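Read the structure below first, then the notes.
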Amino acid sequence: IEASIPSESRQVWQKFGVKEFGGKDEFQQEFIRHVETTLARSIYNCDDLAAYQAASQAIRDRLIIAWNKTQQKHTTKDQKRVYYLSLEFLMGRAMDNAMLNAGIKDITKAGVADLGFKIEDLLEQEPDAALGNGGLGRLAACFIDSIASTNYPGWGYGLRYQYGIFKQRIVDGYQVESPDYWLTFSNPWEIPRYEIQIDVMFYGYTRKYTNDDGKVVHVWEGGEQVQAVAYDVPVPGYGTETTNNLRLWASKPTREFDFEKFNAGDYESSVRESQKAETISAVLYPNDNFYSGKELRLKQQYFWVAASLNDIIRRFKKTHRPWKEFPDQVAIQLNDTHPTLAVVELQRILVDMEGVEWDDAWKIVTNTFGYTNHTVLPEALEKWPVPLFQNLLPRHMEIIYDINLFFLQQVEKLFPKERELLARVSIIEESSPQQVRMAYLAIIGSHKVNGVAELHSELIKTTIFKDFVTIYGPDKFMNVTNGITPRRWLHQANPKLSDLIASKVGSYDFLKDLNLLKKIEPFAHDPKFQDEWVAIKKFNKARLAAHIKQYNGFDINIDALFDVQVKRIHEYKRQQMNIFGVIHRYLSIKAMTEKEKKEVTPRVCIFGGKSAPGYYMAKTIIKLINAVSEVVNADADVGDLLKVVFIADYNVSKAEIIIPASDISQHISTAGTEASGTSNMKFVLNGGLILGTVDGANIEITREVGENNIFLFGHLAESVEDLRHKHRFSKVPLDPNLEKVFEAIESGTFGDPNIYNSLVSSVTGSDYYLVSDDFQSYLDAQKLVDQDFKNKDTWVSRSITAVANMGFFSSDRAIDEYAESIWNVEPIAVE
Ligand code: Z15
């Protein structure tokens, strides 16, 4: 590494090299120093918030020391690195994770206790870094945790939104959104890099000229400039010094303001200009699995992609390698199609700026990128209108036309005279206006395309990307089943269970090698182990019950079966089927004699999740859940046998409380619609069983834990098309139990029935999500759950056996698969 410090001065540097704090005393010293200097406070005005800030500053210092070591090591080793491009990183809180990964939780806990604070109270002060919507963003967060924990040199690149996913309140049963301004108190987990500023251009025009060598050169000029500023978030690995980087970009105006306008007295419009630049990274789009073609969103995508590629290339250029070695040094993973512009941007830089020949450049591009698809839902696939695209990124549009031309020529050669095929696979959809199909561009620009669970990876090959399998052959398409980090989702969320498992495994090594969970399987029928297992579940249920008491204001019975469905609200995820099932249960209990009621398994049905602000049907589902909750919870005939809870503002921190408390969780998407799901894995890892459809990763979970340890129901993906066809072309009779549920809704049992008209007719009409078709099977599965829950002994042994067999679902395993078969990167030990 080049050093700017003259050799005679280096001794002084080495003498005073910064060291990580060791024991409790040193931590306390650092804590107090930060209270008094960094925060300019004292013993007289140090509240929980200040204490959280001081403690996190001390921990942050440690992370930075490890971060520096890691980056130096990676620079000297100069091996291939991976860059994970994701428009969302749903990180949640950082402090507990940083302490656990660095192995300093006991020290800091004891340290702050001596100083008069409870560590739990300090942790509560931290706002979630909620820079994501749901599964896709949380997967990115688990993946960067695993990349660091398994010692791969890898960075995440994303946007530093000033507003994360909105906060949700429930008012009169309806979702109400408010902005999530999470940066009110400075964020100790980011390091601003004001010196790293990258110019990004939009709009303008293109022209070409022939240079002295007779070569045609394309230029893009005359557009608006904004600047990207880097903010670095250290990503500590668990039980390793490796601390990687998550680089988030914020937009800044290039000039503070337009001085000409300012001097001419037009102060306001000069300020407006600078504010416009800042809006690019201001807010996260709140849609999950839904594309809405807003220009600002395309601006965000290019802004982030251009800044990230510029940064990656700058790093590559320092090694003075020829361009053809770029893919030997750099792997870039596209998390969904959101970063697909990177394909075009790299081609543009190579051809227009660096003078690389088109074909050579294209080889470099395709060898660099891998593309992960996360959905088959048509409404989620990105397609940008050509006019909008052309106006914002004129040179990129030209390059896309060229990429398309060369691709179609190649297809034409392989399949002469198949005109239909050419139209089907063209990057440009011939609609009016024309549209750029981003998924096709991503496939054509990458060397590997993967789905996120076995069924999903099969489905993309046989449906939406079928033609591309014909063209490229099957080897370009593969599966990498998603995973989750056991650090956050077991050790951090459920410390008692983690400790109990460690007592049988003999160490905490299972947190790095999750297959070691197998070692608890022999204790599935051990009465003492079972008792401890049950006690921990009960503790976690009490913790959730306290939360519900605090935020919902009523008591729930912790001996009841906790039945949980928490995830984004979406028709395909079928929360409506769940609440219809709850209504069915309510009506059944109402019709029971006192004697019959004695046989009922008491249940608490827990819902949580956000709806996209503009998604009317999802919002109606939330309203219905809350309306049912109000009626059922107040009904003395029902008492403790049934309670319905909607937990507002579901987020990562709430997930950490809710997931360990579940007995049953529901993952009941219409077969073939949920690409993978990842919360299904989190629930089982915490000893809850799944009630689910044969969809996404539920299928592989079943294979791992055994059919006896999961409750599956419903039609299979292969039948879905036929069933939908039937609904379209004939009158399919409504499920009779569902009919009774609708009668209750329509008679006003849950308030004004008109509110639910469209929700009910979505099922009585075309029933696109097959709620009626699956309803009987769903009720049957629920009945089995009720019966089996009564048998405490078999229930707990199933829970233990399921956990013992969850090793496969560690995101460490997923990352190893990516590293091996897509990225070709090797780990590097940092001592
Ligand atoms: C999102 O959260 C997912 C897919 C998408 O295309 C978008 Cl835009 C958002 C989810 C899938 O719905 C879920 O099944 C999967 O587990 C997750 O991505 C991570 O792969």
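By order in the structure tokens, chains are A, B, ...; within a chain, residues start at 1; ligands start at 1, following the order shown.
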
| query | Which chains and residue numbers are within 7 Å of ligand 1, counting only C-alpha atoms and all ligand atoms, if I want them as an NGL selection string? | reply | :A and (133-137 or 139 or 288-290 or 336 or 373-375 or 380 or 452 or 482 or 674-678 or 696)

Practice item. Mind listing the strand (DSSP E or B) residues of stretch 495-633 of chain A, per DSSP on the backbone, as JSON, numbers by chain? Key: {"A": [561, 562, 563, 564, 565, 566, 603, 604, 605, 606, 607, 608]}

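Picture a line from atom CA of A:Pro192 to atom CA of A:Leu100; it runs 24.3 Å.
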
Hey, what does DSSP flag as alpha helix (DSSP H) within stretch 793-830 of chain A? Can you give it to me as a PDB file with N, CA and C atoms, in the first residue's frame?
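What ended up in out_4.pdb:
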ATOM      1  N   ASP A 793     -46.515 -33.091  24.409  1.00  0.00           N
ATOM      2  CA  ASP A 793     -45.281 -33.852  24.280  1.00  0.00           C
ATOM      3  C   ASP A 793     -44.846 -34.002  22.821  1.00  0.00           C
ATOM      4  N   THR A 794     -45.782 -34.405  21.962  1.00  0.00           N
ATOM      5  CA  THR A 794     -45.379 -34.538  20.553  1.00  0.00           C
ATOM      6  C   THR A 794     -45.134 -33.166  19.922  1.00  0.00           C
ATOM      7  N   TRP A 795     -45.904 -32.192  20.367  1.00  0.00           N
ATOM      8  CA  TRP A 795     -45.701 -30.843  19.795  1.00  0.00           C
ATOM      9  C   TRP A 795     -44.271 -30.351  20.036  1.00  0.00           C
ATOM     10  N   VAL A 796     -43.820 -30.477  21.261  1.00  0.00           N
ATOM     11  CA  VAL A 796     -42.477 -29.957  21.570  1.00  0.00           C
ATOM     12  C   VAL A 796     -41.399 -30.784  20.876  1.00  0.00           C
ATOM     13  N   SER A 797     -41.616 -32.089  20.749  1.00  0.00           N
ATOM     14  CA  SER A 797     -40.589 -32.884  20.062  1.00  0.00           C
ATOM     15  C   SER A 797     -40.542 -32.533  18.568  1.00  0.00           C
ATOM     16  N   ARG A 798     -41.693 -32.206  18.006  1.00  0.00           N
ATOM     17  CA  ARG A 798     -41.691 -31.772  16.602  1.00  0.00           C
ATOM     18  C   ARG A 798     -40.959 -30.440  16.452  1.00  0.00           C
ATOM     19  N   SER A 799     -41.186 -29.564  17.419  1.00  0.00           N
ATOM     20  CA  SER A 799     -40.528 -28.262  17.402  1.00  0.00           C
ATOM     21  C   SER A 799     -39.005 -28.425  17.462  1.00  0.00           C
ATOM     22  N   ILE A 800     -38.536 -29.269  18.369  1.00  0.00           N
ATOM     23  CA  ILE A 800     -37.084 -29.488  18.511  1.00  0.00           C
ATOM     24  C   ILE A 800     -36.512 -30.122  17.244  1.00  0.00           C
ATOM     25  N   THR A 801     -37.218 -31.143  16.732  1.00  0.00           N
ATOM     26  CA  THR A 801     -36.733 -31.825  15.523  1.00  0.00           C
ATOM     27  C   THR A 801     -36.648 -30.858  14.349  1.00  0.00           C
ATOM     28  N   ALA A 802     -37.648 -29.992  14.239  1.00  0.00           N
ATOM     29  CA  ALA A 802     -37.638 -29.033  13.138  1.00  0.00           C
ATOM     30  C   ALA A 802     -36.415 -28.120  13.238  1.00  0.00           C
ATOM     31  N   VAL A 803     -36.187 -27.567  14.429  1.00  0.00           N
ATOM     32  CA  VAL A 803     -35.030 -26.679  14.604  1.00  0.00           C
ATOM     33  C   VAL A 803     -33.731 -27.422  14.274  1.00  0.00           C
ATOM     34  N   ALA A 804     -33.644 -28.656  14.726  1.00  0.00           N
ATOM     35  CA  ALA A 804     -32.415 -29.444  14.521  1.00  0.00           C
ATOM     36  C   ALA A 804     -32.074 -29.605  13.042  1.00  0.00           C
ATOM     37  N   SER A 811     -27.905 -18.168   5.827  1.00  0.00           N
ATOM     38  CA  SER A 811     -27.464 -17.374   4.668  1.00  0.00           C
ATOM     39  C   SER A 811     -25.970 -17.586   4.400  1.00  0.00           C
ATOM     40  N   ASP A 812     -25.224 -18.131   5.365  1.00  0.00           N
ATOM     41  CA  ASP A 812     -23.816 -18.482   5.092  1.00  0.00           C
ATOM     42  C   ASP A 812     -23.750 -19.521   3.971  1.00  0.00           C
ATOM     43  N   ARG A 813     -24.648 -20.494   4.023  1.00  0.00           N
ATOM     44  CA  ARG A 813     -24.695 -21.513   2.969  1.00  0.00           C
ATOM     45  C   ARG A 813     -25.064 -20.883   1.631  1.00  0.00           C
ATOM     46  N   ALA A 814     -26.043 -19.995   1.641  1.00  0.00           N
ATOM     47  CA  ALA A 814     -26.439 -19.340   0.389  1.00  0.00           C
ATOM     48  C   ALA A 814     -25.251 -18.565  -0.193  1.00  0.00           C
ATOM     49  N   ILE A 815     -24.546 -17.827   0.666  1.00  0.00           N
ATOM     50  CA  ILE A 815     -23.405 -17.021   0.194  1.00  0.00           C
ATOM     51  C   ILE A 815     -22.292 -17.912  -0.356  1.00  0.00           C
ATOM     52  N   ASP A 816     -22.038 -19.033   0.308  1.00  0.00           N
ATOM     53  CA  ASP A 816     -21.042 -19.967  -0.242  1.00  0.00           C
ATOM     54  C   ASP A 816     -21.447 -20.433  -1.642  1.00  0.00           C
ATOM     55  N   GLU A 817     -22.712 -20.678  -1.846  1.00  0.00           N
ATOM     56  CA  GLU A 817     -23.161 -21.100  -3.182  1.00  0.00           C
ATOM     57  C   GLU A 817     -22.961 -19.995  -4.223  1.00  0.00           C
ATOM     58  N   TYR A 818     -23.313 -18.774  -3.866  1.00  0.00           N
ATOM     59  CA  TYR A 818     -23.076 -17.653  -4.792  1.00  0.00           C
ATOM     60  C   TYR A 818     -21.576 -17.533  -5.095  1.00  0.00           C
TER      61      TYR A 818
END

Atom CA of A:Ile400 sits from atom CA of A:Val386 at a separation of 10.6 Å

A straight line from atom CA of A:Ile471 to atom CA of A:Trp384 spans 24.0 Å

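Residue nearest A:Phe607 within the list A:Asp640, A:Phe580, A:Gln53, A:Val645: A:Val645 [criterion: smallest interatomic distance, only C-alpha atoms].
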
Item to complete: Using only C-alpha atoms, determine which residues lie at most 8 Å from A:Arg574, disregarding the query and same-chain residues fewer than 5 positions distant; provide the list as a PyMOL selection string.
Response: chain A and resi 668-670+769+771

Surrounding residues of stretch 114-125 of chain A excluding itself and chain neighbours under 4 positions, 7 Å, only C-alpha atoms, as a list in words:
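Within the cut-off, the hits are Asp48, Leu49, Ala51, Tyr52, Met95, Asp96, Lys109 and Ala110 of chain A.
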
Self-check item: stretch 594-604 of chain A surroundings by only C-alpha atoms, 10 Å radius, close-in-sequence under 3 positions cut, as number ranges by chain
Solution: A: 556-564, 582, 585, 588-591, 607, 637-645, 662, 783, 785-790
